[in-house]
file start.cif (mmCIF, C-alpha atoms)
data_target
#
loop_
_atom_site.label_atom_id
_atom_site.label_comp_id
_atom_site.auth_asym_id
_atom_site.auth_seq_id
_atom_site.Cartn_x
_atom_site.Cartn_y
_atom_site.Cartn_z
CA MET A 274 84.25 98.49 65.39
CA ARG A 275 86.59 100.58 67.44
CA ASP A 276 86.97 104.29 66.93
CA LEU A 277 90.22 106.11 66.29
CA TYR A 278 90.49 107.19 69.89
CA HIS A 279 90.39 103.66 71.24
CA GLU A 280 92.83 102.58 68.58
CA ASP A 281 95.21 105.22 69.89
CA LEU A 282 94.69 103.92 73.40
CA ASP A 283 95.40 100.35 72.29
CA GLY A 284 98.42 101.59 70.37
CA ILE A 285 99.86 103.04 73.58
CA THR A 286 99.46 99.70 75.36
CA LYS A 287 101.11 97.90 72.43
CA SER A 288 104.09 100.24 72.51
CA LEU A 289 104.32 99.78 76.25
CA VAL A 290 104.51 96.02 75.78
CA GLU A 291 107.14 96.52 73.10
CA ILE A 292 109.33 98.70 75.34
CA THR A 293 108.99 96.16 78.15
CA ARG A 294 110.17 93.39 75.85
CA LEU A 295 113.11 95.54 74.78
CA ALA A 296 114.04 96.09 78.43
CA GLY A 297 113.83 92.33 79.01
CA ALA A 298 116.09 91.62 76.06
CA ALA A 299 118.48 94.31 77.31
CA VAL A 300 118.82 92.85 80.79
CA GLY A 301 119.32 89.37 79.31
CA ARG A 302 122.07 90.62 77.04
CA ALA A 303 123.62 92.70 79.82
CA THR A 304 123.90 89.53 81.91
CA VAL A 305 125.71 87.80 79.04
CA ALA A 306 128.00 90.81 78.74
CA LEU A 307 128.74 90.64 82.44
CA LEU A 308 129.34 86.91 82.80
CA ASP A 309 130.93 86.10 79.46
CA THR A 310 132.94 89.35 79.31
CA ASP A 311 131.24 89.89 75.97
CA LEU A 312 132.00 93.43 74.81
CA THR A 313 129.76 93.17 71.75
CA ALA A 314 126.79 92.32 73.96
CA ALA A 315 127.63 95.21 76.28
CA GLU A 316 127.83 97.66 73.38
CA ALA A 317 124.56 96.34 71.96
CA VAL A 318 122.77 97.07 75.25
CA ILE A 319 124.37 100.49 75.54
CA ASP A 320 123.51 101.45 71.96
CA GLY A 321 120.07 99.85 72.20
CA ASP A 322 119.00 102.06 75.07
CA LEU A 323 118.38 104.86 72.60
CA ALA A 324 115.56 102.86 70.99
CA ILE A 325 113.96 102.40 74.41
CA ASP A 326 114.30 106.11 75.16
CA GLN A 327 112.77 107.04 71.82
CA LEU A 328 109.83 104.70 72.25
CA TYR A 329 109.39 106.10 75.75
CA ALA A 330 109.26 109.68 74.48
CA ASP A 331 106.89 108.58 71.75
CA VAL A 332 104.46 106.87 74.14
CA GLU A 333 104.57 109.88 76.42
CA ALA A 334 103.82 112.27 73.61
CA ARG A 335 100.94 110.14 72.37
CA ALA A 336 99.46 109.81 75.85
CA LEU A 337 99.70 113.55 76.44
CA THR A 338 98.10 114.29 73.07
CA LEU A 339 95.24 111.93 73.86
CA LEU A 340 94.75 113.61 77.24
CA ALA A 341 94.75 117.08 75.72
CA ARG A 342 92.56 116.35 72.70
CA GLN A 343 90.09 113.82 73.99
CA GLN A 344 89.71 114.86 77.59
CA PRO A 345 88.94 111.29 78.59
CA VAL A 346 87.10 110.55 81.78
CA ALA A 347 86.89 107.70 84.27
CA SER A 348 88.46 104.45 83.15
CA ASP A 349 90.11 105.83 80.00
CA LEU A 350 91.70 108.59 82.00
CA ARG A 351 92.99 106.01 84.43
CA ILE A 352 94.45 103.94 81.59
CA ILE A 353 96.33 106.90 80.16
CA ILE A 354 97.68 108.14 83.47
CA THR A 355 98.70 104.64 84.49
CA SER A 356 100.37 104.10 81.11
CA LEU A 357 102.41 107.25 81.65
CA ARG A 358 103.63 105.83 84.93
CA MET A 359 104.27 102.36 83.61
CA VAL A 360 106.29 103.67 80.70
CA SER A 361 108.50 105.63 83.06
CA ASP A 362 109.11 102.48 85.14
CA VAL A 363 109.95 100.48 82.05
CA GLU A 364 112.26 103.16 80.66
CA ARG A 365 114.11 103.04 83.97
CA MET A 366 114.42 99.27 83.66
CA GLY A 367 116.19 99.90 80.37
CA ASP A 368 118.56 102.30 82.13
CA LEU A 369 119.36 99.71 84.77
CA ALA A 370 120.19 97.11 82.11
CA LEU A 371 122.39 99.79 80.57
CA HIS A 372 124.19 100.32 83.89
CA ILE A 373 124.91 96.59 84.13
CA ALA A 374 126.28 96.60 80.58
CA LYS A 375 128.48 99.57 81.46
CA VAL A 376 130.02 97.72 84.38
CA ALA A 377 130.85 94.86 81.98
CA ARG A 378 132.38 97.30 79.49
CA ARG A 379 134.34 99.18 82.14
CA ARG A 380 136.11 96.01 83.30
CA HIS A 381 136.50 94.36 79.90
CA PRO A 382 138.49 92.22 79.11
CA ALA A 383 138.65 91.39 82.82
CA PRO A 384 135.49 89.84 84.27
CA ALA A 385 133.59 92.17 86.62
CA ILE A 386 132.02 89.22 88.41
CA PRO A 387 134.30 86.59 89.95
CA GLN A 388 133.69 82.95 89.11
CA GLU A 389 132.22 81.98 92.49
CA LEU A 390 129.39 84.46 91.98
CA HIS A 391 128.56 83.52 88.40
CA SER A 392 125.76 81.13 89.21
CA THR A 393 124.06 83.62 91.55
CA VAL A 394 124.34 86.49 89.07
CA ARG A 395 123.18 84.20 86.26
CA GLU A 396 120.09 83.38 88.32
CA MET A 397 119.51 87.07 89.01
CA GLY A 398 119.72 87.78 85.29
CA ALA A 399 117.33 84.94 84.49
CA ILE A 400 114.81 86.14 87.06
CA ALA A 401 115.08 89.71 85.82
CA GLU A 402 114.45 88.56 82.27
CA SER A 403 111.58 86.31 83.26
CA ILE A 404 109.95 88.92 85.52
CA CYS A 405 110.18 91.38 82.65
CA ALA A 406 108.56 88.94 80.20
CA LYS A 407 105.75 88.35 82.67
CA CYS A 408 105.45 92.08 83.13
CA ALA A 409 104.95 92.55 79.37
CA ASP A 410 102.34 89.76 79.35
CA VAL A 411 100.50 91.31 82.26
CA ILE A 412 100.39 94.74 80.62
CA GLU A 413 98.77 93.03 77.65
CA SER A 414 96.46 90.59 79.47
CA ARG A 415 95.64 92.66 82.57
CA ASP A 416 95.50 89.37 84.43
CA ILE A 417 95.68 90.37 88.07
CA ALA A 418 96.55 86.88 89.32
CA ASP A 419 99.59 86.87 87.04
CA ALA A 420 100.38 90.41 88.15
CA ALA A 421 100.38 89.31 91.79
CA GLN A 422 102.77 86.47 90.90
CA LEU A 423 105.49 89.01 90.13
CA GLU A 424 105.78 89.82 93.82
CA ARG A 425 106.82 86.25 94.50
CA ASP A 426 109.40 86.30 91.74
CA ASP A 427 110.72 89.47 93.28
CA ASP A 428 111.08 87.69 96.63
CA MET A 429 113.41 85.26 94.89
CA MET A 430 115.42 88.19 93.58
CA ASP A 431 115.71 89.61 97.08
CA GLU A 432 116.91 86.23 98.32
CA LEU A 433 119.60 86.09 95.61
CA HIS A 434 120.58 89.63 96.44
CA ARG A 435 121.16 88.65 100.07
CA ARG A 436 123.16 85.63 98.93
CA LEU A 437 125.38 87.93 96.90
CA PHE A 438 126.22 89.99 99.98
CA GLY A 439 126.69 86.80 101.96
CA VAL A 440 129.46 85.67 99.61
CA LEU A 441 131.12 89.09 99.63
CA LEU A 442 131.21 89.01 103.42
CA GLU A 443 132.64 85.52 103.79
CA PRO A 444 136.15 85.53 105.23
CA ALA A 445 137.13 83.50 102.14
CA TRP A 446 136.29 86.40 99.80
CA ASP A 447 139.48 87.42 98.05
CA GLY A 448 138.01 89.21 95.05
CA GLY A 449 139.22 92.56 96.34
CA ILE A 450 137.46 95.87 96.80
CA GLU A 451 136.95 96.82 93.18
CA ARG A 452 135.06 93.66 92.43
CA ALA A 453 133.10 93.97 95.65
CA ILE A 454 131.98 97.41 94.45
CA ASP A 455 131.02 96.05 91.03
CA VAL A 456 129.09 93.17 92.57
CA THR A 457 127.33 95.52 95.00
CA LEU A 458 126.28 97.90 92.23
CA CYS A 459 125.19 95.16 89.82
CA GLY A 460 123.21 93.50 92.59
CA ARG A 461 121.50 96.79 93.25
CA TYR A 462 120.73 97.27 89.52
CA TYR A 463 119.13 93.85 89.21
CA GLU A 464 117.13 94.40 92.36
CA ARG A 465 115.86 97.77 91.22
CA PHE A 466 115.08 96.36 87.79
CA CYS A 467 112.71 93.89 89.42
CA ASP A 468 111.27 96.51 91.78
CA HIS A 469 110.18 98.51 88.76
CA ALA A 470 108.63 95.41 87.17
CA VAL A 471 106.68 94.82 90.38
CA SER A 472 105.63 98.45 90.37
CA VAL A 473 104.26 98.02 86.82
CA ALA A 474 102.38 94.89 87.90
CA ARG A 475 100.87 96.79 90.82
CA ARG A 476 99.75 99.50 88.46
CA VAL A 477 98.02 96.87 86.32
CA ILE A 478 96.20 95.69 89.44
CA TYR A 479 95.20 99.28 90.13
CA LEU A 480 93.98 99.65 86.56
CA VAL A 481 91.75 96.61 86.86
CA THR A 482 90.52 96.89 90.43
CA GLY A 483 90.87 100.59 91.12
CA GLU A 484 92.74 99.64 94.25
CA ARG A 485 96.10 101.19 94.79
CA VAL A 486 98.75 98.75 95.95
CA TYR A 487 101.24 100.57 98.10
CA VAL A 488 104.64 100.90 96.46
CA GLU A 489 107.56 101.86 98.69
CA MET B 392 90.15 136.57 92.39
CA ARG B 393 91.08 133.00 91.72
CA ASP B 394 88.47 130.32 91.31
CA LEU B 395 88.30 127.10 93.27
CA TYR B 396 89.92 125.16 90.47
CA HIS B 397 93.02 127.31 90.40
CA GLU B 398 93.17 127.21 94.16
CA ASP B 399 93.29 123.42 93.91
CA LEU B 400 96.07 123.70 91.37
CA ASP B 401 98.04 126.03 93.62
CA GLY B 402 97.39 123.71 96.53
CA ILE B 403 99.03 120.86 94.65
CA THR B 404 102.13 122.96 94.02
CA LYS B 405 102.25 123.96 97.70
CA SER B 406 102.07 120.35 98.82
CA LEU B 407 104.77 119.46 96.33
CA VAL B 408 107.02 122.11 97.85
CA GLU B 409 106.21 120.77 101.30
CA ILE B 410 107.12 117.17 100.37
CA THR B 411 110.34 118.39 98.80
CA ARG B 412 111.28 120.20 101.99
CA LEU B 413 110.50 117.06 104.00
CA ALA B 414 112.78 115.04 101.71
CA GLY B 415 115.52 117.64 102.20
CA ALA B 416 115.18 117.48 105.97
CA ALA B 417 115.21 113.67 105.76
CA VAL B 418 118.46 113.51 103.82
CA GLY B 419 120.06 116.02 106.18
CA ARG B 420 119.04 113.97 109.19
CA ALA B 421 120.07 110.72 107.51
CA THR B 422 123.55 112.17 107.03
CA VAL B 423 123.72 113.00 110.74
CA ALA B 424 122.56 109.46 111.52
CA LEU B 425 125.26 108.05 109.29
CA LEU B 426 128.20 110.17 110.43
CA ASP B 427 127.38 110.64 114.11
CA THR B 428 126.03 107.07 114.53
CA ASP B 429 122.89 108.76 115.81
CA LEU B 430 120.20 106.11 116.15
CA THR B 431 117.50 108.63 117.10
CA ALA B 432 118.13 110.56 113.90
CA ALA B 433 118.00 107.32 111.88
CA GLU B 434 114.70 106.31 113.47
CA ALA B 435 113.26 109.77 112.86
CA VAL B 436 114.02 109.52 109.14
CA ILE B 437 112.63 105.99 108.95
CA ASP B 438 109.44 106.90 110.80
CA GLY B 439 109.16 110.21 108.96
CA ASP B 440 108.98 108.55 105.55
CA LEU B 441 105.35 107.71 106.23
CA ALA B 442 104.43 111.41 106.23
CA ILE B 443 106.14 111.82 102.85
CA ASP B 444 104.30 108.80 101.47
CA GLN B 445 100.98 110.09 102.75
CA LEU B 446 101.50 113.53 101.27
CA TYR B 447 102.52 111.86 98.03
CA ALA B 448 99.34 109.79 97.89
CA ASP B 449 97.35 112.88 98.75
CA VAL B 450 98.87 115.01 95.97
CA GLU B 451 98.34 112.19 93.52
CA ALA B 452 94.71 111.80 94.48
CA ARG B 453 94.09 115.53 94.22
CA ALA B 454 95.79 115.76 90.83
CA LEU B 455 93.79 112.82 89.50
CA THR B 456 90.55 114.30 90.79
CA LEU B 457 91.33 117.61 89.11
CA LEU B 458 92.08 115.81 85.86
CA ALA B 459 88.87 113.81 85.99
CA ARG B 460 86.55 116.59 87.09
CA GLN B 461 87.92 119.63 85.33
CA GLN B 462 89.27 118.14 82.14
CA PRO B 463 91.88 120.87 81.95
CA VAL B 464 93.52 121.71 78.65
CA ALA B 465 96.84 123.13 77.49
CA SER B 466 98.95 124.69 80.21
CA ASP B 467 96.83 123.53 83.15
CA LEU B 468 96.96 119.98 81.88
CA ARG B 469 100.72 120.28 81.59
CA ILE B 470 100.97 121.55 85.16
CA ILE B 471 98.97 118.64 86.55
CA ILE B 472 100.78 115.96 84.57
CA THR B 473 104.15 117.47 85.43
CA SER B 474 103.16 117.68 89.11
CA LEU B 475 102.32 113.98 89.07
CA ARG B 476 105.81 113.25 87.81
CA MET B 477 107.54 115.63 90.15
CA VAL B 478 105.79 114.19 93.17
CA SER B 479 106.93 110.72 92.23
CA ASP B 480 110.54 111.93 91.94
CA VAL B 481 110.32 113.64 95.30
CA GLU B 482 108.72 110.64 96.98
CA ARG B 483 111.64 108.57 95.69
CA MET B 484 114.06 111.10 97.19
CA GLY B 485 112.41 110.41 100.53
CA ASP B 486 112.95 106.68 100.01
CA LEU B 487 116.62 107.22 99.27
CA ALA B 488 117.06 109.24 102.47
CA LEU B 489 115.31 106.35 104.23
CA HIS B 490 117.79 103.87 102.72
CA ILE B 491 120.70 105.94 104.02
CA ALA B 492 119.13 106.02 107.48
CA LYS B 493 118.67 102.26 107.36
CA VAL B 494 122.36 101.72 106.66
CA ALA B 495 123.13 103.84 109.74
CA ARG B 496 120.67 101.83 111.84
CA ARG B 497 121.93 98.49 110.56
CA ARG B 498 125.50 99.23 111.69
CA HIS B 499 124.66 101.07 114.89
CA PRO B 500 126.45 101.49 117.28
CA ALA B 501 129.34 100.92 114.87
CA PRO B 502 129.87 103.67 112.31
CA ALA B 503 128.94 102.65 108.74
CA ILE B 504 131.29 105.23 107.29
CA PRO B 505 134.96 105.15 108.29
CA GLN B 506 136.58 108.30 109.54
CA GLU B 507 138.65 109.02 106.43
CA LEU B 508 135.47 109.30 104.37
CA HIS B 509 133.53 111.49 106.78
CA SER B 510 134.37 114.78 105.13
CA THR B 511 133.42 113.50 101.67
CA VAL B 512 130.14 112.01 102.86
CA ARG B 513 129.43 115.16 104.87
CA GLU B 514 129.86 117.18 101.69
CA MET B 515 127.61 114.79 99.78
CA GLY B 516 124.94 115.19 102.45
CA ALA B 517 125.28 118.97 102.38
CA ILE B 518 124.96 119.09 98.59
CA ALA B 519 121.96 116.74 98.67
CA GLU B 520 120.28 118.96 101.23
CA SER B 521 121.11 122.14 99.38
CA ILE B 522 120.06 120.76 95.98
CA CYS B 523 116.78 119.70 97.55
CA ALA B 524 116.19 123.15 99.05
CA LYS B 525 116.84 124.73 95.66
CA CYS B 526 114.55 122.18 94.11
CA ALA B 527 111.71 123.24 96.42
CA ASP B 528 112.40 126.91 95.63
CA VAL B 529 112.35 126.22 91.91
CA ILE B 530 109.04 124.35 92.10
CA GLU B 531 107.64 127.45 93.78
CA SER B 532 109.33 130.16 91.71
CA ARG B 533 109.50 128.38 88.33
CA ASP B 534 112.75 130.26 87.78
CA ILE B 535 114.40 128.41 84.93
CA ALA B 536 117.84 129.94 85.52
CA ASP B 537 117.78 128.59 89.08
CA ALA B 538 116.49 125.27 87.74
CA ALA B 539 119.44 125.02 85.37
CA GLN B 540 121.80 125.69 88.29
CA LEU B 541 120.85 122.34 89.82
CA GLU B 542 122.72 120.54 87.04
CA ARG B 543 125.94 122.17 88.18
CA ASP B 544 125.33 121.21 91.79
CA ASP B 545 124.78 117.70 90.57
CA ASP B 546 128.17 117.76 88.81
CA MET B 547 129.71 118.42 92.22
CA MET B 548 127.86 115.41 93.59
CA ASP B 549 129.22 113.25 90.78
CA GLU B 550 132.72 114.49 91.55
CA LEU B 551 132.34 113.58 95.24
CA HIS B 552 130.94 110.22 94.24
CA ARG B 553 134.07 109.51 92.18
CA ARG B 554 136.22 110.63 95.10
CA LEU B 555 134.45 108.11 97.32
CA PHE B 556 135.34 105.25 94.98
CA GLY B 557 138.87 106.64 94.70
CA VAL B 558 139.37 106.26 98.45
CA LEU B 559 137.88 102.76 98.50
CA LEU B 560 140.29 101.70 95.77
CA GLU B 561 143.43 103.10 97.36
CA PRO B 562 145.86 100.41 98.46
CA ALA B 563 145.73 102.02 101.90
CA TRP B 564 142.03 101.21 102.29
CA ASP B 565 141.67 98.90 105.26
CA GLY B 566 138.01 99.43 106.08
CA GLY B 567 137.13 95.94 104.90
CA ILE B 568 134.46 94.65 102.55
CA GLU B 569 131.39 95.35 104.66
CA ARG B 570 132.19 99.00 104.94
CA ALA B 571 133.09 99.18 101.27
CA ILE B 572 129.61 97.83 100.50
CA ASP B 573 127.97 100.37 102.82
CA VAL B 574 129.96 103.23 101.32
CA THR B 575 129.14 102.06 97.78
CA LEU B 576 125.42 101.86 98.52
CA CYS B 577 125.26 105.16 100.40
CA GLY B 578 127.19 106.85 97.59
CA ARG B 579 124.66 105.51 95.14
CA TYR B 580 121.76 106.69 97.29
CA TYR B 581 123.11 110.25 97.50
CA GLU B 582 123.80 110.30 93.80
CA ARG B 583 120.31 109.08 92.90
CA PHE B 584 118.79 111.54 95.36
CA CYS B 585 120.38 114.38 93.40
CA ASP B 586 119.48 112.84 90.03
CA HIS B 587 115.83 113.01 91.03
CA ALA B 588 116.21 116.62 92.12
CA VAL B 589 117.72 117.42 88.72
CA SER B 590 114.87 115.61 87.08
CA VAL B 591 112.38 117.78 88.97
CA ALA B 592 114.28 120.90 87.91
CA ARG B 593 114.13 119.76 84.29
CA ARG B 594 110.42 119.26 84.58
CA VAL B 595 110.08 122.83 85.84
CA ILE B 596 111.98 123.99 82.74
CA TYR B 597 109.59 121.94 80.62
CA LEU B 598 106.64 123.47 82.40
CA VAL B 599 107.83 126.99 81.67
CA THR B 600 109.31 126.62 78.20
CA GLY B 601 107.43 123.58 76.87
CA GLU B 602 110.81 122.15 75.97
CA ARG B 603 111.58 118.72 77.18
CA VAL B 604 115.05 118.35 78.63
CA TYR B 605 116.25 114.84 78.05
CA VAL B 606 116.55 112.80 81.23
CA GLU B 607 118.63 109.62 81.10
#
call {"tool": "encode", "arguments": {"input": "start.cif", "output": "structure tokens"}}
result
Amino acid sequence: MRDLYHEDLDGITKSLVEITRLAGAAVGRATVALLDTDLTAAEAVIDGDLAIDQLYADVEARALTLLARQQPVASDLRIIITSLRMVSDVERMGDLALHIAKVARRRHPAPAIPQELHSTVREMGAIAESICAKCADVIESRDIADAAQLERDDDMMDELHRRLFGVLLEPAWDGGIERAIDVTLCGRYYERFCDHAVSVARRVIYLVTGERVYVE
Amino acid sequence: MRDLYHEDLDGITKSLVEITRLAGAAVGRATVALLDTDLTAAEAVIDGDLAIDQLYADVEARALTLLARQQPVASDLRIIITSLRMVSDVERMGDLALHIAKVARRRHPAPAIPQELHSTVREMGAIAESICAKCADVIESRDIADAAQLERDDDMMDELHRRLFGVLLEPAWDGGIERAIDVTLCGRYYERFCDHAVSVARRVIYLVTGERVYVE
């Protein structure tokens, strides 16, 4: 039987997984908003960020209370401190999904992303969503092989990101400056979204092995 | 006389101030690299990021050791946890300065920023440097009035950021897409740099008052 303290600790991990899934849903919906000029989807992401922020504050408060009351040592201490960091990464992922949704809303009813970039941005959105789902799984399972896999997914994101710039820089690009700015910013948001997921995965590896993976 | 434990705690704050000053110097130098197409300055920022990362890892390790060994409660616990967060903000500020320097290096010997935007970017660099200096002071002094001032400096940064986009979107803009991308990214880097400084200032307010200032 587990004591109350370890239930609290498990509860923090559960909430962390929940926030990560919310961030994944948010980036998926933000991609729909962006590509289908879907204002309702954009608004849903923008309004939904509050729930992520509240869960974030809640996890933080619970982790700090545990630290203060239980004075955990060794591995429990590491779990709590690492959870505090992971939750701040995941909250930021929610913000980045929000930024993408805001670009969609700002340009609505015009599309922010020109047709010739749809397939690339759709792929970026799919990778962001999938990396986030894996990230949630890894927080739950603490499987370090799965955690390491996220780096490779992120390489695919970087490749798509380069492709995005490649299209913008083709002489044939006639989407204009405003769209080039939107594409540049959205590309950056997707890339950062995945960077944070990788950072969470590295923290899981640290949690399990005690070895710090360097994060730029 | 202070005991060893409180000396450790003070040492963490001192290192935090030191990293913040390094990040400030980095963003100042990155701005020079960008506007004066100064490759040496760019390389110095890029190479210098390692020192920031090392100090970061060092502060983290010391904070975690203090947590594990001393099991601090109440205000000391808050100081350590808040320091861990501040140091991660400041480390990120170093990364953002590095990104700016990399844009300068990528375009060298061509200028990444066209002449008509020099004064705006120079102002952004100056505000970033100044906000960072204030940030270091505030970490040291814990003066919450000074901490609150950083929000207003950040408003100026936001205003400059809008001005940047305004110029890019003028019909007269003939800098081309590649430069528009560089300007967009650099603008974002300066803006995020200041966001992190504001976040540090808010954490100082939290440290002093116990009241959490909401950070998006």
call {"tool": "resolve_selection", "arguments": {"input": "start.cif", "expression": "the PyMOL selection byres ((chain A) within 8 of (chain B))", "output": "PyMOL selection string"}}
result
chain A and resi 341+344-347+350+368+441-442+450-451+453-454+457-458+489
call {"tool": "atom_distance", "arguments": {"input": "start.cif", "atom1": "atom CA of A:Leu282", "atom2": "atom CA of A:Asp349"}}
result
8.3 Å
call {"tool": "atom_distance", "arguments": {"input": "start.cif", "atom1": "atom CA of B:Ile504", "atom2": "atom CA of B:Glu542"}}
result
26.8 Å
call {"tool": "residues_near_point", "arguments": {"input": "start.cif", "point": "(136.8, 89.3, 87.4)", "cutoff": "10 Å", "atoms": "all atoms listed in the file", "output": "PyMOL selection string"}}
result
chain A and resi 307-308+310+377+380-388+390+448-449+451-452+455
call {"tool": "resolve_selection", "arguments": {"input": "start.cif", "expression": "the PyMOL selection byres ((chain B and resi 513) around 12)", "output": "VMD selection string"}}
result
chain B and resid 418 to 427 504 to 512 514 to 520 548 551 to 552 555 577 to 578 581
call {"tool": "atom_distance", "arguments": {"input": "start.cif", "atom1": "atom CA of A:Gln422", "atom2": "atom CA of A:His469"}}
result
14.3 Å
call {"tool": "residues_around", "arguments": {"input": "start.cif", "residues": "B:Asp480", "least_positions_apart": "3", "cutoff": "12 Å", "atoms": "all atoms listed in the file", "output": "ChimeraX atom specification"}}
result
/A:358,361-362 /B:407,410-411,414,443-444,447,473-477,483-487,523,526,583-594
call {"tool": "closest_residue", "arguments": {"input": "start.cif", "among": "A:Ile417, A:Ala370, A:Leu339, A:Ala334", "to": "A:Ile319", "atoms": "only C-alpha atoms"}}
result
A:Ala370
call {"tool": "closest_residue", "arguments": {"input": "start.cif", "among": "B:Arg533, B:Arg543, B:Arg453, B:Arg554", "to": "B:Leu598", "atoms": "all atoms listed in the file"}}
result
B:Arg533
